Amino acid sequence: MNYEEAFRHYREGTATEEEKAFVQEEIAKAKALSSLMDDQGLAVKPAPIKEADAKEVKDAKQHLVWKRVLAGLLAVIVLLVALGAILGGVFGSAAAYANDNIAVSRAEARDIAAEFAMEDAARRGYTVDANGCYVESEREIDERFNFEGDLKSSYYSYKVDVTCYTTDGYELEYEIEVNSHTGSAWVYEFELDREGRR
């Protein structure tokens, strides 16, 4: 017999004697089962929660602090690696463009620097003696990378040391920078040696 159908008939008052007996029997079984579950002897008791002592609490806090510190350090390392990769790509591209932009060799930079030093000495009112100016060798010329906002405009410049002697016995020491792309020159550093009289 179907309990749901018998219970519906029981509730509506249209149940047969057989259906009434069946529903009452099922209700009695449910009540018996419910009282059995309520019995303290069968109730499942949760395990008691142990109180943590001060040392355990301190150890747990310290463990949590270390986890946070390590997570922070890991985040910083990841950020630095990503930043390094990005900057490496940018500067690598700029250096490649700077290499492509070289139009003036070191030997040409030496000549440009010597001529520029003689012209600058004249502008300052000095006359360079007949021997001209001494220019450092190509091997000694320093190369400097110049990064531009427009990566394609990046270039190298040469720093050339030039020493000129004047007719009145002064020594003019120049550090002249020459743009390897345009060949333009400018005084990076100048020093007049008054003790250099011959």
# chains A, B, ... in the order shown; residues from 1 in each chain; ligands from 1

$ select_by_dssp --residues "range 130-192 of chain A" --states "helix (DSSP H, G or I)" --output "VMD selection string"
chain A and resid 138 to 140 151 to 153

$ select_by_dssp --residues "range 104-151 of chain A" --states "strand (DSSP E or B)" --output "VMD selection string"
chain A and resid 128 to 135 142 to 146

$ write_last_selection --atoms "all heavy atoms" --output "compact mmCIF listing (two decimals), in the first residue's frame"
# COMPACT_ATOMS: atom_id res chain seq x y z
N VAL A 128 96.75 77.64 -29.46
CA VAL A 128 97.37 76.32 -29.30
C VAL A 128 98.70 76.35 -30.03
O VAL A 128 98.82 76.87 -31.14
CB VAL A 128 96.44 75.22 -29.86
CG1 VAL A 128 97.11 73.86 -29.79
CG2 VAL A 128 95.12 75.21 -29.10
N ASP A 129 99.75 75.79 -29.39
CA ASP A 129 101.08 75.83 -30.02
C ASP A 129 101.14 74.94 -31.26
O ASP A 129 100.20 74.22 -31.57
CB ASP A 129 102.19 75.49 -29.01
CG ASP A 129 102.21 74.04 -28.57
OD1 ASP A 129 101.58 73.19 -29.23
OD2 ASP A 129 102.88 73.74 -27.56
N ALA A 130 102.22 74.99 -31.95
CA ALA A 130 102.38 74.33 -33.25
C ALA A 130 102.20 72.81 -33.18
O ALA A 130 101.85 72.18 -34.18
CB ALA A 130 103.73 74.67 -33.85
N ASN A 131 102.44 72.22 -32.05
CA ASN A 131 102.29 70.77 -31.93
C ASN A 131 100.83 70.33 -31.89
O ASN A 131 100.54 69.14 -31.96
CB ASN A 131 103.01 70.26 -30.68
CG ASN A 131 104.52 70.40 -30.80
OD1 ASN A 131 105.06 70.33 -31.90
ND2 ASN A 131 105.17 70.64 -29.69
N GLY A 132 99.91 71.27 -31.73
CA GLY A 132 98.48 70.93 -31.71
C GLY A 132 98.06 70.33 -30.38
O GLY A 132 98.54 70.72 -29.33
N CYS A 133 97.20 69.36 -30.43
CA CYS A 133 96.63 68.75 -29.23
C CYS A 133 96.94 67.25 -29.22
O CYS A 133 97.01 66.62 -30.26
CB CYS A 133 95.12 68.96 -29.19
SG CYS A 133 94.63 70.69 -29.08
N TYR A 134 97.11 66.74 -28.01
CA TYR A 134 97.32 65.31 -27.84
C TYR A 134 95.96 64.67 -27.55
O TYR A 134 95.22 65.10 -26.68
CB TYR A 134 98.29 65.05 -26.67
CG TYR A 134 98.33 63.60 -26.27
CD1 TYR A 134 99.02 62.67 -27.03
CD2 TYR A 134 97.62 63.16 -25.16
CE1 TYR A 134 99.01 61.33 -26.68
CE2 TYR A 134 97.62 61.83 -24.79
CZ TYR A 134 98.32 60.92 -25.56
OH TYR A 134 98.32 59.59 -25.21
N VAL A 135 95.64 63.61 -28.31
CA VAL A 135 94.36 62.91 -28.14
C VAL A 135 94.66 61.47 -27.72
O VAL A 135 95.55 60.83 -28.27
CB VAL A 135 93.55 62.91 -29.46
CG1 VAL A 135 92.18 62.27 -29.25
CG2 VAL A 135 93.40 64.32 -30.01
N ASP A 142 86.23 56.06 -23.94
CA ASP A 142 85.06 55.47 -23.27
C ASP A 142 83.82 55.68 -24.14
O ASP A 142 83.66 56.71 -24.78
CB ASP A 142 84.83 56.13 -21.91
CG ASP A 142 85.91 55.79 -20.91
OD1 ASP A 142 86.48 54.69 -21.03
OD2 ASP A 142 86.17 56.61 -20.02
N GLU A 143 82.96 54.68 -24.10
CA GLU A 143 81.71 54.74 -24.84
C GLU A 143 80.58 54.83 -23.82
O GLU A 143 80.59 54.12 -22.82
CB GLU A 143 81.57 53.45 -25.66
CG GLU A 143 80.51 53.49 -26.70
CD GLU A 143 80.55 52.22 -27.54
OE1 GLU A 143 79.98 51.21 -27.08
OE2 GLU A 143 81.14 52.24 -28.64
N ARG A 144 79.62 55.71 -24.07
CA ARG A 144 78.52 55.88 -23.13
C ARG A 144 77.19 55.71 -23.87
O ARG A 144 77.00 56.28 -24.95
CB ARG A 144 78.58 57.28 -22.51
CG ARG A 144 77.61 57.45 -21.36
CD ARG A 144 77.74 58.81 -20.77
NE ARG A 144 76.70 59.62 -21.40
CZ ARG A 144 76.36 60.82 -21.02
NH1 ARG A 144 77.03 61.41 -20.07
NH2 ARG A 144 75.39 61.47 -21.62
N PHE A 145 76.30 54.95 -23.28
CA PHE A 145 74.98 54.71 -23.87
C PHE A 145 74.05 55.84 -23.46
O PHE A 145 73.96 56.20 -22.30
CB PHE A 145 74.44 53.36 -23.38
CG PHE A 145 73.03 53.09 -23.80
CD1 PHE A 145 72.72 52.87 -25.13
CD2 PHE A 145 72.01 53.04 -22.88
CE1 PHE A 145 71.42 52.60 -25.53
CE2 PHE A 145 70.72 52.77 -23.25
CZ PHE A 145 70.42 52.55 -24.59
N ASN A 146 73.34 56.42 -24.42
CA ASN A 146 72.39 57.51 -24.16
C ASN A 146 71.00 57.02 -24.51
O ASN A 146 70.68 56.82 -25.68
CB ASN A 146 72.75 58.74 -24.98
CG ASN A 146 74.10 59.29 -24.61
OD1 ASN A 146 74.24 59.98 -23.62
ND2 ASN A 146 75.12 58.93 -25.38

$ closest_residue --among "A:Leu151, A:Ile49, A:Leu192, A:Ala15" --to "Asn101 in chain A" --atoms "only C-alpha atoms"
A:Leu151

$ residues_around --residues "range 177-190 of chain A" --least-positions-apart "6" --cutoff "9 Å" --atoms "only C-alpha atoms" --output "list in words"
Ala98, Asn101, Ile102, Ala103, Val104, Ser105, Arg106, Glu108, Ala109, Arg110, Ile112, Ala113, Phe116, Ala117, Asp120, Tyr155, Tyr156, Ser157, Tyr158, Lys159, Val160 and Asp161 of chain A

$ residues_around --residues "Ala21 in chain A" --least-positions-apart "5" --cutoff "12 Å" --atoms "only C-alpha atoms" --output "list in words"
Met1, Tyr3, Ala6, Phe7, Tyr10, Ala15, Thr16, Glu26, Ile27 and Ala28 of chain A

$ atom_distance --atom1 "CA of Glu175 in chain A" --atom2 "CA of Thr163 in chain A"
8.7 Å

$ closest_residue --among "A:Tyr97, A:Ala107, A:Glu115, A:Arg124" --to "Ile141 in chain A" --atoms "only C-alpha atoms"
A:Ala107

$ closest_residue --among "A:Arg194, A:Ala122, A:Thr127, A:Ala96" --to "Ser153 in chain A" --atoms "only C-alpha atoms"
A:Ala96

$ atom_distance --atom1 "CA of Asp100 in chain A" --atom2 "CA of Asp150 in chain A"
14.3 Å

$ decode --residues "range 163-198 of chain A" --atoms "N, CA and C atoms" --output "PDB file, in the first residue's frame"
ATOM      1  N   THR A 163      94.330  66.899 -24.638  1.00  0.00           N
ATOM      2  CA  THR A 163      95.163  67.860 -23.921  1.00  0.00           C
ATOM      3  C   THR A 163      95.826  68.769 -24.947  1.00  0.00           C
ATOM      4  N   CYS A 164      95.646  70.089 -24.755  1.00  0.00           N
ATOM      5  CA  CYS A 164      96.243  71.072 -25.661  1.00  0.00           C
ATOM      6  C   CYS A 164      97.196  71.949 -24.859  1.00  0.00           C
ATOM      7  N   TYR A 165      98.300  72.320 -25.494  1.00  0.00           N
ATOM      8  CA  TYR A 165      99.272  73.227 -24.875  1.00  0.00           C
ATOM      9  C   TYR A 165      99.206  74.549 -25.612  1.00  0.00           C
ATOM     10  N   THR A 166      99.148  75.640 -24.842  1.00  0.00           N
ATOM     11  CA  THR A 166      99.046  76.958 -25.463  1.00  0.00           C
ATOM     12  C   THR A 166     100.428  77.549 -25.678  1.00  0.00           C
ATOM     13  N   THR A 167     100.488  78.566 -26.513  1.00  0.00           N
ATOM     14  CA  THR A 167     101.771  79.222 -26.799  1.00  0.00           C
ATOM     15  C   THR A 167     102.305  79.944 -25.577  1.00  0.00           C
ATOM     16  N   ASP A 168     101.429  80.315 -24.640  1.00  0.00           N
ATOM     17  CA  ASP A 168     101.906  80.997 -23.429  1.00  0.00           C
ATOM     18  C   ASP A 168     102.103  80.029 -22.265  1.00  0.00           C
ATOM     19  N   GLY A 169     102.147  78.706 -22.551  1.00  0.00           N
ATOM     20  CA  GLY A 169     102.576  77.726 -21.560  1.00  0.00           C
ATOM     21  C   GLY A 169     101.495  77.122 -20.686  1.00  0.00           C
ATOM     22  N   TYR A 170     100.248  77.289 -21.022  1.00  0.00           N
ATOM     23  CA  TYR A 170      99.182  76.670 -20.242  1.00  0.00           C
ATOM     24  C   TYR A 170      98.822  75.307 -20.832  1.00  0.00           C
ATOM     25  N   GLU A 171      98.280  74.464 -19.962  1.00  0.00           N
ATOM     26  CA  GLU A 171      97.813  73.156 -20.390  1.00  0.00           C
ATOM     27  C   GLU A 171      96.283  73.141 -20.262  1.00  0.00           C
ATOM     28  N   LEU A 172      95.615  72.870 -21.367  1.00  0.00           N
ATOM     29  CA  LEU A 172      94.151  72.805 -21.374  1.00  0.00           C
ATOM     30  C   LEU A 172      93.745  71.341 -21.463  1.00  0.00           C
ATOM     31  N   GLU A 173      93.031  70.883 -20.449  1.00  0.00           N
ATOM     32  CA  GLU A 173      92.603  69.485 -20.425  1.00  0.00           C
ATOM     33  C   GLU A 173      91.104  69.416 -20.684  1.00  0.00           C
ATOM     34  N   TYR A 174      90.770  68.682 -21.726  1.00  0.00           N
ATOM     35  CA  TYR A 174      89.377  68.551 -22.126  1.00  0.00           C
ATOM     36  C   TYR A 174      88.913  67.105 -22.007  1.00  0.00           C
ATOM     37  N   GLU A 175      87.652  66.964 -21.683  1.00  0.00           N
ATOM     38  CA  GLU A 175      86.966  65.696 -21.902  1.00  0.00           C
ATOM     39  C   GLU A 175      85.812  66.075 -22.823  1.00  0.00           C
ATOM     40  N   ILE A 176      85.920  65.631 -24.054  1.00  0.00           N
ATOM     41  CA  ILE A 176      84.958  66.018 -25.074  1.00  0.00           C
ATOM     42  C   ILE A 176      84.093  64.817 -25.411  1.00  0.00           C
ATOM     43  N   GLU A 177      82.805  65.073 -25.490  1.00  0.00           N
ATOM     44  CA  GLU A 177      81.874  63.997 -25.832  1.00  0.00           C
ATOM     45  C   GLU A 177      81.452  64.187 -27.288  1.00  0.00           C
ATOM     46  N   VAL A 178      81.507  63.079 -28.049  1.00  0.00           N
ATOM     47  CA  VAL A 178      81.157  63.108 -29.463  1.00  0.00           C
ATOM     48  C   VAL A 178      79.989  62.154 -29.686  1.00  0.00           C
ATOM     49  N   ASN A 179      78.920  62.672 -30.299  1.00  0.00           N
ATOM     50  CA  ASN A 179      77.738  61.873 -30.608  1.00  0.00           C
ATOM     51  C   ASN A 179      78.083  60.931 -31.756  1.00  0.00           C
ATOM     52  N   SER A 180      77.941  59.627 -31.542  1.00  0.00           N
ATOM     53  CA  SER A 180      78.322  58.646 -32.573  1.00  0.00           C
ATOM     54  C   SER A 180      77.342  58.623 -33.741  1.00  0.00           C
ATOM     55  N   HIS A 181      76.203  59.249 -33.598  1.00  0.00           N
ATOM     56  CA  HIS A 181      75.198  59.264 -34.672  1.00  0.00           C
ATOM     57  C   HIS A 181      75.337  60.512 -35.542  1.00  0.00           C
ATOM     58  N   THR A 182      75.478  61.679 -34.883  1.00  0.00           N
ATOM     59  CA  THR A 182      75.507  62.936 -35.639  1.00  0.00           C
ATOM     60  C   THR A 182      76.909  63.489 -35.836  1.00  0.00           C
ATOM     61  N   GLY A 183      77.860  63.086 -34.983  1.00  0.00           N
ATOM     62  CA  GLY A 183      79.220  63.622 -35.070  1.00  0.00           C
ATOM     63  C   GLY A 183      79.366  64.952 -34.356  1.00  0.00           C
ATOM     64  N   SER A 184      78.295  65.440 -33.716  1.00  0.00           N
ATOM     65  CA  SER A 184      78.405  66.701 -32.978  1.00  0.00           C
ATOM     66  C   SER A 184      79.220  66.482 -31.711  1.00  0.00           C
ATOM     67  N   ALA A 185      79.893  67.552 -31.273  1.00  0.00           N
ATOM     68  CA  ALA A 185      80.770  67.447 -30.100  1.00  0.00           C
ATOM     69  C   ALA A 185      80.447  68.566 -29.120  1.00  0.00           C
ATOM     70  N   TRP A 186      80.754  68.326 -27.850  1.00  0.00           N
ATOM     71  CA  TRP A 186      80.580  69.329 -26.816  1.00  0.00           C
ATOM     72  C   TRP A 186      81.564  69.034 -25.695  1.00  0.00           C
ATOM     73  N   VAL A 187      81.858  70.075 -24.913  1.00  0.00           N
ATOM     74  CA  VAL A 187      82.802  69.923 -23.806  1.00  0.00           C
ATOM     75  C   VAL A 187      82.055  69.295 -22.633  1.00  0.00           C
ATOM     76  N   TYR A 188      82.533  68.139 -22.216  1.00  0.00           N
ATOM     77  CA  TYR A 188      81.952  67.465 -21.066  1.00  0.00           C
ATOM     78  C   TYR A 188      82.613  67.981 -19.792  1.00  0.00           C
ATOM     79  N   GLU A 189      83.932  68.174 -19.874  1.00  0.00           N
ATOM     80  CA  GLU A 189      84.681  68.673 -18.727  1.00  0.00           C
ATOM     81  C   GLU A 189      85.891  69.449 -19.239  1.00  0.00           C
ATOM     82  N   PHE A 190      86.205  70.547 -18.576  1.00  0.00           N
ATOM     83  CA  PHE A 190      87.351  71.368 -18.979  1.00  0.00           C
ATOM     84  C   PHE A 190      88.143  71.746 -17.734  1.00  0.00           C
ATOM     85  N   GLU A 191      89.475  71.711 -17.871  1.00  0.00           N
ATOM     86  CA  GLU A 191      90.329  72.106 -16.760  1.00  0.00           C
ATOM     87  C   GLU A 191      91.531  72.845 -17.313  1.00  0.00           C
ATOM     88  N   LEU A 192      91.819  73.985 -16.715  1.00  0.00           N
ATOM     89  CA  LEU A 192      92.980  74.799 -17.106  1.00  0.00           C
ATOM     90  C   LEU A 192      94.040  74.593 -16.047  1.00  0.00           C
ATOM     91  N   ASP A 193      95.223  74.138 -16.472  1.00  0.00           N
ATOM     92  CA  ASP A 193      96.296  73.883 -15.521  1.00  0.00           C
ATOM     93  C   ASP A 193      97.253  75.071 -15.564  1.00  0.00           C
ATOM     94  N   ARG A 194      97.152  75.933 -14.567  1.00  0.00           N
ATOM     95  CA  ARG A 194      98.012  77.119 -14.508  1.00  0.00           C
ATOM     96  C   ARG A 194      99.439  76.747 -14.092  1.00  0.00           C
ATOM     97  N   GLU A 195      99.562  75.582 -13.495  1.00  0.00           N
ATOM     98  CA  GLU A 195     100.883  75.108 -13.106  1.00  0.00           C
ATOM     99  C   GLU A 195     101.591  74.488 -14.294  1.00  0.00           C
ATOM    100  N   GLY A 196     100.929  74.382 -15.400  1.00  0.00           N
ATOM    101  CA  GLY A 196     101.480  73.705 -16.556  1.00  0.00           C
ATOM    102  C   GLY A 196     102.405  74.565 -17.390  1.00  0.00           C
ATOM    103  N   ARG A 197     102.798  75.748 -16.925  1.00  0.00           N
ATOM    104  CA  ARG A 197     103.714  76.604 -17.676  1.00  0.00           C
ATOM    105  C   ARG A 197     105.034  75.882 -17.880  1.00  0.00           C
ATOM    106  N   ARG A 198     105.557  76.034 -19.088  1.00  0.00           N
ATOM    107  CA  ARG A 198     106.832  75.366 -19.387  1.00  0.00           C
ATOM    108  C   ARG A 198     107.995  76.291 -19.107  1.00  0.00           C
TER     109      ARG A 198
END
